[in-house]
file input.txt (compact mmCIF, C-alpha atoms)
# COMPACT_ATOMS: atom_id res chain seq x y z
CA MET Z 798 -75.71 25.77 0.71
CA ASN Z 799 -78.31 28.32 -0.31
CA GLU Z 800 -77.83 31.45 -2.34
CA GLN Z 801 -77.59 33.69 0.72
CA ASP Z 802 -74.69 31.73 2.16
CA LYS Z 803 -72.80 31.93 -1.15
CA GLN Z 804 -73.22 35.68 -1.33
CA LYS Z 805 -71.72 36.39 2.16
CA PRO Z 806 -68.10 35.59 1.27
CA LEU Z 807 -68.43 37.63 -1.85
CA GLU Z 808 -69.79 40.56 0.10
CA GLU Z 809 -67.03 40.23 2.68
CA ALA Z 810 -64.36 40.15 -0.01
CA SER Z 811 -65.97 43.08 -1.69
CA GLY Z 812 -66.00 44.94 1.65
CA LEU Z 813 -62.27 44.31 2.21
CA SER Z 814 -61.53 45.49 -1.28
CA ARG Z 815 -63.51 48.64 -0.77
CA SER Z 816 -61.77 49.23 2.63
CA GLY Z 817 -58.30 48.87 1.07
CA ALA Z 818 -59.27 51.13 -1.73
CA ALA Z 819 -60.62 53.64 0.73
CA LYS Z 820 -57.34 53.60 2.72
CA SER Z 821 -55.27 54.00 -0.44
CA SER Z 822 -57.48 56.81 -1.57
CA GLY Z 823 -57.11 58.45 1.89
CA TRP Z 824 -53.28 58.39 1.68
CA LYS Z 825 -53.41 59.88 -1.77
CA ARG Z 826 -55.69 62.66 -0.60
CA LEU Z 827 -53.37 63.32 2.40
CA LEU Z 828 -50.24 63.46 0.28
CA SER Z 829 -51.94 65.68 -2.24
CA LYS Z 830 -52.30 68.42 0.34
CA LYS Z 831 -49.65 71.19 0.02
CA TRP Z 832 -48.49 71.21 3.68
CA VAL Z 833 -47.83 67.47 3.99
CA SER Z 834 -44.58 67.19 1.96
CA PRO Z 835 -42.72 70.07 3.79
CA ALA Z 836 -43.80 68.62 7.11
CA PHE Z 837 -42.33 65.22 6.29
CA PHE Z 838 -39.16 66.82 4.99
CA MET Z 839 -38.64 68.90 8.17
CA ALA Z 840 -39.22 65.91 10.42
CA ALA Z 841 -36.67 63.84 8.48
CA ALA Z 842 -34.13 66.69 8.55
CA ALA Z 843 -34.53 67.05 12.30
CA ILE Z 844 -33.87 63.35 12.81
CA ILE Z 845 -30.72 63.47 10.63
CA VAL Z 846 -29.33 66.54 12.42
CA THR Z 847 -29.92 64.90 15.81
CA ILE Z 848 -28.05 61.77 14.75
CA MET Z 849 -25.08 63.84 13.44
CA TRP Z 850 -24.92 65.91 16.66
CA LEU Z 851 -24.87 62.79 18.81
CA TYR Z 852 -22.11 61.30 16.67
CA GLN Z 853 -19.96 64.45 16.84
CA GLY Z 854 -20.39 64.70 20.62
CA THR Z 855 -19.21 61.13 21.05
CA ASP Z 856 -16.23 61.73 18.78
CA LYS Z 857 -15.08 64.85 20.70
CA SER Z 858 -15.26 63.14 24.04
CA GLU Z 859 -12.84 60.49 22.79
CA VAL Z 860 -10.23 62.75 21.17
CA LYS Z 861 -9.95 65.67 23.67
CA PRO Z 862 -7.07 67.54 21.93
CA ALA Z 863 -7.46 70.61 24.15
CA ASP Z 864 -6.85 68.58 27.30
CA ASP Z 865 -3.61 67.19 25.85
CA GLU Z 866 -2.33 70.74 25.19
CA SER Z 867 -3.29 71.81 28.71
CA ALA Z 868 -1.33 68.89 30.11
CA GLU Z 869 1.79 70.01 28.22
CA VAL Z 870 1.51 73.60 29.53
CA SER Z 871 0.97 72.31 33.06
CA ASP Z 872 4.14 70.23 32.84
CA VAL Z 873 6.18 73.30 31.83
CA THR Z 874 4.73 75.35 34.69
CA ASN Z 875 5.54 72.65 37.21
CA THR Z 876 9.12 72.55 35.93
CA ASP Z 877 9.52 76.31 36.41
CA GLU Z 878 8.14 76.06 39.96
CA ALA Z 879 10.58 73.27 40.75
CA VAL Z 880 13.53 75.40 39.58
CA ALA Z 881 12.32 78.33 41.73
CA ASP Z 882 12.02 76.02 44.74
CA GLU Z 883 15.58 74.78 44.20
CA ARG Z 884 16.88 78.38 44.17
CA THR Z 885 15.00 79.12 47.39
CA LEU Z 886 16.47 76.05 49.07
CA GLU Z 887 19.98 77.07 48.00
CA VAL Z 888 19.56 80.52 49.60
CA ILE Z 889 18.34 78.97 52.85
CA ALA Z 890 21.16 76.44 52.82
CA ASP Z 891 23.74 79.21 52.44
CA GLY Z 892 22.31 81.00 55.49
CA GLU Z 893 21.73 84.21 53.53
CA THR Z 894 19.82 86.17 56.11
CA LEU Z 895 21.23 89.49 57.22
CA GLN Z 896 23.62 89.25 60.16
CA TRP Z 897 25.24 91.93 62.30
CA PRO Z 898 28.23 93.51 60.50
CA VAL Z 899 30.52 92.91 63.48
CA VAL Z 900 32.22 89.97 65.12
CA ASP Z 901 30.76 90.40 68.62
CA ARG Z 902 27.52 92.35 68.86
CA SER Z 903 27.53 92.18 72.69
CA GLU Z 904 30.59 94.44 72.87
CA LEU Z 905 28.89 97.25 70.98
CA GLU Z 906 26.05 99.67 71.48
CA ILE Z 907 23.89 101.65 69.09
CA VAL Z 908 24.98 105.26 69.51
CA LEU Z 909 22.76 106.69 66.76
CA PRO Z 910 19.57 104.85 65.62
CA HIS Z 911 17.83 104.74 62.26
CA TYR Z 912 15.32 107.54 61.58
CA ASP Z 913 11.76 106.23 61.37
CA ALA Z 914 9.20 108.75 60.13
CA ASP Z 915 6.42 106.79 61.86
CA ALA Z 916 8.13 106.71 65.25
CA PRO Z 917 7.13 108.97 68.17
CA SER Z 918 8.48 112.52 68.13
CA GLU Z 919 11.12 111.85 70.82
CA GLU Z 920 12.55 108.86 68.91
CA ARG Z 921 12.66 110.84 65.68
CA GLN Z 922 14.63 113.62 67.39
CA GLN Z 923 17.15 111.08 68.71
CA ALA Z 924 17.67 109.78 65.16
CA LEU Z 925 18.55 113.17 63.66
CA LEU Z 926 22.11 113.75 62.47
CA VAL Z 927 23.35 117.22 63.36
CA SER Z 928 25.85 118.88 61.04
CA GLY Z 929 26.47 122.50 62.09
CA THR Z 930 23.03 124.06 62.01
CA THR Z 931 21.59 121.36 59.74
CA PHE Z 932 19.48 118.46 60.99
CA MET Z 933 19.28 115.37 58.75
CA PRO Z 934 17.43 112.08 59.23
CA HIS Z 935 19.89 109.26 59.98
CA MET Z 936 19.43 106.53 57.36
CA GLY Z 937 21.39 103.79 59.13
CA ILE Z 938 22.57 102.72 62.57
CA ASP Z 939 25.89 103.66 64.20
CA LEU Z 940 27.70 101.10 66.37
CA ALA Z 941 30.54 101.87 68.78
CA ARG Z 942 32.37 100.38 71.73
CA PRO Z 943 31.96 102.07 75.12
CA ASP Z 944 35.74 102.49 75.35
CA ASN Z 945 35.93 104.12 71.87
CA ALA Z 946 38.30 101.36 70.65
CA ALA Z 947 38.40 100.10 67.06
CA PHE Z 948 36.70 96.81 66.13
CA ASP Z 949 36.43 94.51 63.13
CA VAL Z 950 33.73 95.07 60.52
CA ALA Z 951 32.31 92.02 58.69
CA ALA Z 952 30.16 91.52 55.58
CA ALA Z 953 26.54 91.21 56.67
CA MET Z 954 25.74 89.03 53.63
CA SER Z 955 27.63 87.38 50.81
CA GLY Z 956 27.94 89.53 47.72
CA LYS Z 957 30.12 91.58 45.41
CA VAL Z 958 32.00 94.71 46.43
CA THR Z 959 30.83 97.61 44.26
CA VAL Z 960 32.38 100.54 46.19
CA ALA Z 961 35.63 100.70 48.19
CA GLU Z 962 36.97 104.23 48.53
CA GLN Z 963 37.63 107.21 50.76
CA HIS Z 964 34.85 109.77 51.02
CA PRO Z 965 35.46 113.44 51.94
CA THR Z 966 32.96 113.46 54.82
CA ASN Z 967 32.05 109.79 55.45
CA GLY Z 968 35.56 108.39 55.83
CA TYR Z 969 36.40 105.12 54.08
CA ILE Z 970 33.32 103.39 52.72
CA VAL Z 971 32.47 99.96 51.33
CA GLU Z 972 29.29 98.90 49.55
CA ILE Z 973 28.35 95.29 48.81
CA ALA Z 974 25.64 94.26 46.34
CA HIS Z 975 23.46 91.23 47.10
CA PRO Z 976 20.64 89.44 45.25
CA ASP Z 977 17.18 91.00 44.82
CA GLY Z 978 18.40 94.60 44.76
CA LEU Z 979 19.78 94.55 48.32
CA VAL Z 980 22.89 96.62 49.14
CA THR Z 981 24.73 96.90 52.46
CA VAL Z 982 26.72 100.07 53.18
CA TYR Z 983 29.64 100.42 55.61
CA GLN Z 984 31.00 103.90 56.41
CA SER Z 985 33.43 105.56 58.86
CA LEU Z 986 35.95 102.79 58.19
CA SER Z 987 39.69 102.38 58.37
CA GLU Z 988 42.05 99.70 57.07
CA ILE Z 989 39.84 98.47 54.21
CA ASN Z 990 40.63 94.84 53.28
CA VAL Z 991 38.63 94.57 50.03
CA LYS Z 992 38.52 96.18 46.61
CA VAL Z 993 35.87 96.72 43.94
CA GLY Z 994 34.96 93.47 42.20
CA ASP Z 995 35.80 91.20 45.13
CA GLU Z 996 33.31 88.43 45.94
CA VAL Z 997 32.97 88.17 49.70
CA LYS Z 998 31.27 85.63 51.92
CA GLN Z 999 29.02 86.47 54.82
CA GLY Z 1000 31.15 87.15 57.88
CA THR Z 1001 34.31 88.06 55.90
CA LEU Z 1002 36.29 90.80 57.66
CA ILE Z 1003 36.25 93.75 55.26
CA ALA Z 1004 37.59 96.63 57.39
CA LYS Z 1005 37.95 98.16 60.85
CA ALA Z 1006 35.75 100.81 62.38
CA GLY Z 1007 37.17 104.33 62.17
CA ARG Z 1008 36.10 107.95 62.11
CA SER Z 1009 34.38 110.36 59.75
CA GLU Z 1010 34.16 114.11 59.41
CA LEU Z 1011 30.37 114.01 59.23
CA GLU Z 1012 29.99 112.16 62.53
CA LYS Z 1013 33.22 113.15 64.22
CA ASP Z 1014 31.47 113.65 67.58
CA LEU Z 1015 30.81 109.91 67.72
CA GLY Z 1016 34.50 109.02 67.72
CA VAL Z 1017 35.38 105.52 66.45
CA HIS Z 1018 32.25 103.86 65.13
CA LEU Z 1019 30.65 102.00 62.23
CA HIS Z 1020 27.86 103.56 60.19
CA PHE Z 1021 25.81 100.70 58.72
CA GLU Z 1022 23.01 101.01 56.15
CA VAL Z 1023 20.77 98.62 54.24
CA ARG Z 1024 19.20 99.69 50.94
CA GLU Z 1025 16.60 97.82 48.95
CA ASN Z 1026 16.43 98.94 45.32
CA GLY Z 1027 17.98 102.24 46.38
CA THR Z 1028 15.60 102.87 49.30
CA PRO Z 1029 17.01 102.89 52.86
CA VAL Z 1030 15.61 100.17 55.13
CA ASN Z 1031 15.87 100.09 58.90
CA PRO Z 1032 18.56 97.44 59.57
CA LEU Z 1033 16.95 96.57 62.91
CA ALA Z 1034 13.90 95.30 61.02
CA LEU Z 1035 16.13 92.66 59.41
CA LEU Z 1036 18.62 91.87 62.17
CA ASP Z 1037 18.25 89.60 65.16
CA GLU Z 1038 18.90 91.77 68.20
CA GLU Z 1039 19.93 88.73 70.25
CA GLU Z 1040 22.88 87.78 68.04
call {"tool": "encode", "arguments": {"input": "input.txt", "output": "structure tokens"}}
result
Amino acid sequence: MNEQDKQKPLEEASGLSRSGAAKSSGWKRLLSKKWVSPAFFMAAAAIIVTIMWLYQGTDKSEVKPADDESAEVSDVTNTDEAVADERTLEVIADGETLQWPVVDRSELEIVLPHYDADAPSEERQQALLVSGTTFMPHMGIDLARPDNAAFDVAAAMSGKVTVAEQHPTNGYIVEIAHPDGLVTVYQSLSEINVKVGDEVKQGTLIAKAGRSELEKDLGVHLHFEVRENGTPVNPLALLDEEE
């Protein structure tokens, strides 16, 4: 081996040493720059925050406390709806829809209709109650037999008797309170069979048709009204005409 061959490995080793030294010196120069350290710090902080956010998101998806509370509220709501449905079914089962306040509707005729402000002029005139020189809208319907005979009066719905008395111009009167602010009114009566405080069932005979000073020209008849929260309602809108 000649001198040249011996020198090559030494030169190569020397070159590797110089390369490593150059790389080390390059890192030192890089780190010595003022902007390098903050940059590394920000990059590391960003990585840490990302890892924490991913961990928290996974943890929330497993716990879901808000959903559990919503489920409890939903259960309460469903219970309230079930109770309301039961009450509705009870009303339907009892048959509590308004019925004619008489035993046999076919034997009677409407001699004075309910006043409807939206009806044609001719119908409104027919529904006016005349008292001397005064004209008043008729807030109920009057039923009478063609032969002017008396007839039985029945409760149109189940309820509690709140009025049972003689009125100076309306004859004997009875009022029955029902659920939801509904009240049925019976006037021009005779032979009242109920008193205040009585609980009556639908169809119970409460009186007989009679006369009144206010509508004396009609003879024996029944004046029947329906009021909802104090406001008169046309009974024909709630009654089945074919009964």
call {"tool": "atom_distance", "arguments": {"input": "input.txt", "atom1": "atom CA of Z:Asp913", "atom2": "atom CA of Z:Asn1031"}}
result
7.8 Å
call {"tool": "atom_distance", "arguments": {"input": "input.txt", "atom1": "atom CA of Z:Ala914", "atom2": "atom CA of Z:Asn1026"}}
result
19.2 Å
call {"tool": "residues_around", "arguments": {"input": "input.txt", "residues": "stretch 935-942 of chain Z", "least_positions_apart": "3", "cutoff": "7 Å", "atoms": "all atoms listed in the file", "output": "ChimeraX atom specification"}}
result
/Z:904-912,924-926,945-946,1017-1022,1029,1031-1032
call {"tool": "closest_residue", "arguments": {"input": "input.txt", "among": "Z:Leu979, Z:Met933, Z:Val971, Z:Ala952", "to": "Z:Gly1027", "atoms": "only C-alpha atoms"}}
result
Z:Leu979
call {"tool": "residues_near_point", "arguments": {"input": "input.txt", "point": "(28.2, 84.1, 55.3)", "cutoff": "8 Å", "atoms": "all atoms listed in the file", "output": "JSON, numbers by chain"}}
result
{"Z": [891, 892, 893, 952, 953, 954, 955, 998, 999, 1000, 1001]}
call {"tool": "atom_distance", "arguments": {"input": "input.txt", "atom1": "atom CA of Z:Tyr983", "atom2": "atom CA of Z:Ala1006"}}
result
9.1 Å
call {"tool": "closest_residue", "arguments": {"input": "input.txt", "among": "Z:Ile970, Z:Val927, Z:Val993, Z:Ala1034", "to": "Z:Lys957", "atoms": "only C-alpha atoms"}}
result
Z:Val993
